[in-house]
Amino acid sequence: MKKTQLKAPAKINLFLDITATLNDGYHELEMVMQTISLTDFITIEKIEDGIKINCSHAKVPENKNNLAYKAAELIIDKYNIPDGVKIEIKKNIPVAAGLAGGSTDAAAVLKGISYLYNLNLKKEDLYKLGRKVGADVPFCMFGGTAFAYGKGDKLKQLTDISKTWLVLITPPLEVSTPEIYKLYDDLKPQTEINTSRLLKEFELEKEIDWSAPFNNILEAVTEKKVTEIKTIKENLKKYNPELILMSGSGPSVFAIVKNKGKAKKIVNEWPRRDDFKGCFHTMTYKSFN
């Protein structure tokens, strides 16, 4: 086999809390991450030498600054792969939007190269590689519903939630994750998040009560940089969704809704839709191999 193609799904955060700031500048996190059906497409092809990346999005680097490049370099070096790879990335996930677009591409590259070269890596081997590439990469390996803690790279797989429809809105501004965390350190918002209470919503066979206090401690921080987040939330409230929340460090905002018809209606009626980086109706994905 000389070529393989994989889907690289986006993620959202169903809640996010910061419990400590570490000496190295990173933060201790507690959050539930969820895969959604919005995906990039990754094609990996064997070539004689080197790592070449082509991406459909003009703002995505095609060099060592791309996490997909870092992932390919890591696995090629570790397993002494004699050839090189050409990686084509078709971007559908908005860039710098709190949706793990770069991390999920990197996860797909690790899995794709493992498959292409018959490395027969175990799940724990892929997790270890992913942690070296980026904090969100381990989750993006297999997706579904998971509790992430530590720096976000330690995972406890939860029962996959049932298929849930949502609307995802990304305003036309990018944010820097490190900048948002630095601003968090300066502002120290007082949003209270009860992790143990919220985790009970993900117990086996339990129907999720979306009126529970799901929160993202970074939401108030990112709103200082992207004031349009408040406008998005106000527009979404008109449709009486089950939940409205920012994902990750933002600025993407999602709304849980009862069915596909309502999700499509919101997207079709969204004001200034063409001005946004993304305005999607999508749904949750279960874990995958």
# chains A, B, ... in the order shown; residues from 1 in each chain; ligands from 1
>>> closest_atom_pairs(of="region 146-188 of chain A", to="region 242-255 of chain A", cutoff="12 Å", atoms="only C-alpha atoms", output="JSON lines")
{"residue": "A:Gly152", "atom": "CA", "partner": "A:Gly248", "partner_atom": "CA", "distance": 10.9}
{"residue": "A:Thr164", "atom": "CA", "partner": "A:Ala255", "partner_atom": "CA", "distance": 10.5}
{"residue": "A:Trp165", "atom": "CA", "partner": "A:Ala255", "partner_atom": "CA", "distance": 8.6}
{"residue": "A:Leu166", "atom": "CA", "partner": "A:Ala255", "partner_atom": "CA", "distance": 5.4}
{"residue": "A:Val167", "atom": "CA", "partner": "A:Ala255", "partner_atom": "CA", "distance": 5.2}
{"residue": "A:Leu168", "atom": "CA", "partner": "A:Phe254", "partner_atom": "CA", "distance": 4.4}
{"residue": "A:Ile169", "atom": "CA", "partner": "A:Val253", "partner_atom": "CA", "distance": 5.3}
{"residue": "A:Thr170", "atom": "CA", "partner": "A:Ser252", "partner_atom": "CA", "distance": 4.3}
{"residue": "A:Pro171", "atom": "CA", "partner": "A:Pro251", "partner_atom": "CA", "distance": 6.7}
{"residue": "A:Pro172", "atom": "CA", "partner": "A:Pro251", "partner_atom": "CA", "distance": 9.0}
{"residue": "A:Leu173", "atom": "CA", "partner": "A:Pro251", "partner_atom": "CA", "distance": 7.5}
{"residue": "A:Glu174", "atom": "CA", "partner": "A:Pro251", "partner_atom": "CA", "distance": 7.1}
{"residue": "A:Val175", "atom": "CA", "partner": "A:Pro251", "partner_atom": "CA", "distance": 6.8}
{"residue": "A:Ser176", "atom": "CA", "partner": "A:Ser249", "partner_atom": "CA", "distance": 8.2}
{"residue": "A:Thr177", "atom": "CA", "partner": "A:Ser249", "partner_atom": "CA", "distance": 5.9}
{"residue": "A:Pro178", "atom": "CA", "partner": "A:Ser249", "partner_atom": "CA", "distance": 9.1}
{"residue": "A:Glu179", "atom": "CA", "partner": "A:Ser249", "partner_atom": "CA", "distance": 9.5}
{"residue": "A:Ile180", "atom": "CA", "partner": "A:Ser249", "partner_atom": "CA", "distance": 6.6}
{"residue": "A:Tyr181", "atom": "CA", "partner": "A:Ser249", "partner_atom": "CA", "distance": 7.9}
{"residue": "A:Lys182", "atom": "CA", "partner": "A:Ser249", "partner_atom": "CA", "distance": 11.3}
{"residue": "A:Leu183", "atom": "CA", "partner": "A:Ser249", "partner_atom": "CA", "distance": 11.0}
{"residue": "A:Tyr184", "atom": "CA", "partner": "A:Ser249", "partner_atom": "CA", "distance": 10.2}
>>> select_by_dssp(residues="region 6-220 of chain A", states="strand (DSSP E)", output="NGL selection string")
:A and (6-21 or 27-47 or 51-55 or 84-90 or 145-150 or 154-157 or 165-170)
>>> residues_around(residues="Thr191 (chain A)", least_positions_apart="5", cutoff="10 Å", atoms="only C-alpha atoms", output="NGL selection string")
:A and (17 or 215-220)
>>> write_last_selection(atoms="C-alpha atoms", output="tab-separated table (two decimals), in the first residue's frame")
chain	number	residue	atom	x	y	z
A	17	ASP	CA	-12.01	24.18	34.33
A	215	ASN	CA	-19.31	26.08	32.02
A	216	ASN	CA	-16.02	26.99	30.40
A	217	ILE	CA	-13.81	29.06	32.68
A	218	LEU	CA	-12.03	30.57	29.66
A	219	GLU	CA	-15.23	31.92	28.10
A	220	ALA	CA	-15.23	35.17	30.06
>>> atom_distance(atom1="CA of Leu74 (chain A)", atom2="CA of Leu129 (chain A)")
7.6 Å
>>> select_by_dssp(residues="region 22-194 of chain A", states="helix (DSSP H, G or I)", output="MDAnalysis selection string")
chainID A and resid 67:78 101:116 123:133 137:142 177:187
>>> closest_atom_pairs(of="region 44-75 of chain A", to="region 108-117 of chain A", cutoff="12 Å", atoms="only C-alpha atoms", output="tab-separated table")
residue	atom	partner	partner_atom	distance
A:Ile44	CA	A:Gly112	CA	6.8
A:Glu45	CA	A:Leu116	CA	8.4
A:Lys46	CA	A:Leu116	CA	8.2
A:Ile47	CA	A:Leu116	CA	11.9
A:Ile51	CA	A:Val109	CA	11.5
A:Ile53	CA	A:Val109	CA	11.1
A:Asn66	CA	A:Val109	CA	11.5
A:Leu67	CA	A:Val109	CA	9.4
A:Ala68	CA	A:Val109	CA	6.2
A:Tyr69	CA	A:Val109	CA	8.5
A:Lys70	CA	A:Val109	CA	9.6
A:Ala71	CA	A:Leu110	CA	6.0
A:Ala72	CA	A:Val109	CA	6.3
A:Glu73	CA	A:Leu110	CA	9.6
A:Leu74	CA	A:Leu110	CA	8.7
A:Ile75	CA	A:Leu110	CA	6.8
>>> write_last_selection(atoms="C-alpha atoms", output="PDB file, in the first residue's frame")
ATOM      1  CA  ILE A  44      -0.771  10.214   3.435  1.00  0.00           C
ATOM      2  CA  GLU A  45       1.381   8.884   0.602  1.00  0.00           C
ATOM      3  CA  LYS A  46       4.783   7.204   0.665  1.00  0.00           C
ATOM      4  CA  ILE A  47       7.582   9.128  -1.048  1.00  0.00           C
ATOM      5  CA  ILE A  51       8.131  15.146   4.821  1.00  0.00           C
ATOM      6  CA  ILE A  53       2.766  18.917   3.545  1.00  0.00           C
ATOM      7  CA  ASN A  66       2.501  22.280  11.589  1.00  0.00           C
ATOM      8  CA  LEU A  67       1.639  19.651  14.225  1.00  0.00           C
ATOM      9  CA  ALA A  68       1.064  17.138  11.422  1.00  0.00           C
ATOM     10  CA  TYR A  69       4.704  17.603  10.375  1.00  0.00           C
ATOM     11  CA  LYS A  70       5.864  17.180  13.973  1.00  0.00           C
ATOM     12  CA  ALA A  71       3.797  13.990  14.287  1.00  0.00           C
ATOM     13  CA  ALA A  72       5.197  12.538  11.061  1.00  0.00           C
ATOM     14  CA  GLU A  73       8.769  13.396  12.040  1.00  0.00           C
ATOM     15  CA  LEU A  74       8.322  11.822  15.471  1.00  0.00           C
ATOM     16  CA  ILE A  75       6.959   8.478  14.307  1.00  0.00           C
TER      17      ILE A  75
END
>>> residues_around(residues="Tyr149 (chain A)", least_positions_apart="3", cutoff="6 Å", atoms="only C-alpha atoms", output="JSON, numbers by chain")
{"A": [29, 30, 152, 154]}
>>> residues_around(residues="region 210-212 of chain A", least_positions_apart="6", cutoff="12 Å", atoms="only C-alpha atoms", output="ChimeraX atom specification")
/A:14-15,164,193-202,240-245,255-258
>>> residues_around(residues="region 131-139 of chain A", least_positions_apart="3", cutoff="10 Å", atoms="only C-alpha atoms", output="MDAnalysis selection string")
chainID A and resid 11 33:35 67:72 74 99:108 110 123:124 126:128 142:148 150:157 287
>>> atom_distance(atom1="CA of Ser162 (chain A)", atom2="CA of Ile266 (chain A)")
21.4 Å
>>> atom_distance(atom1="CA of Thr284 (chain A)", atom2="CA of Ser37 (chain A)")
6.0 Å
>>> residues_around(residues="Gln5 (chain A)", least_positions_apart="2", cutoff="8 Å", atoms="only C-alpha atoms", output="NGL selection string")
:A and (3 or 7 or 41-44 or 112)
>>> write_last_selection(atoms="C-alpha atoms", output="short mmCIF file (atom, residue, chain, number, x, y, z; two decimals), in the first residue's frame")
data_model
loop_
_atom_site.label_atom_id
_atom_site.label_comp_id
_atom_site.auth_asym_id
_atom_site.auth_seq_id
_atom_site.Cartn_x
_atom_site.Cartn_y
_atom_site.Cartn_z
CA LYS A 3 -1.45 5.73 0.17
CA LYS A 7 -10.90 11.51 8.67
CA PHE A 41 -9.46 14.83 5.48
CA ILE A 42 -5.87 13.61 5.61
CA THR A 43 -4.19 11.75 2.75
CA ILE A 44 -0.77 10.21 3.44
CA GLY A 112 -2.08 6.81 9.16
#
>>> closest_residue(among="A:Ala97, A:Leu158, A:Val85, A:Ile208", to="Thr4 (chain A)", atoms="only C-alpha atoms")
A:Val85
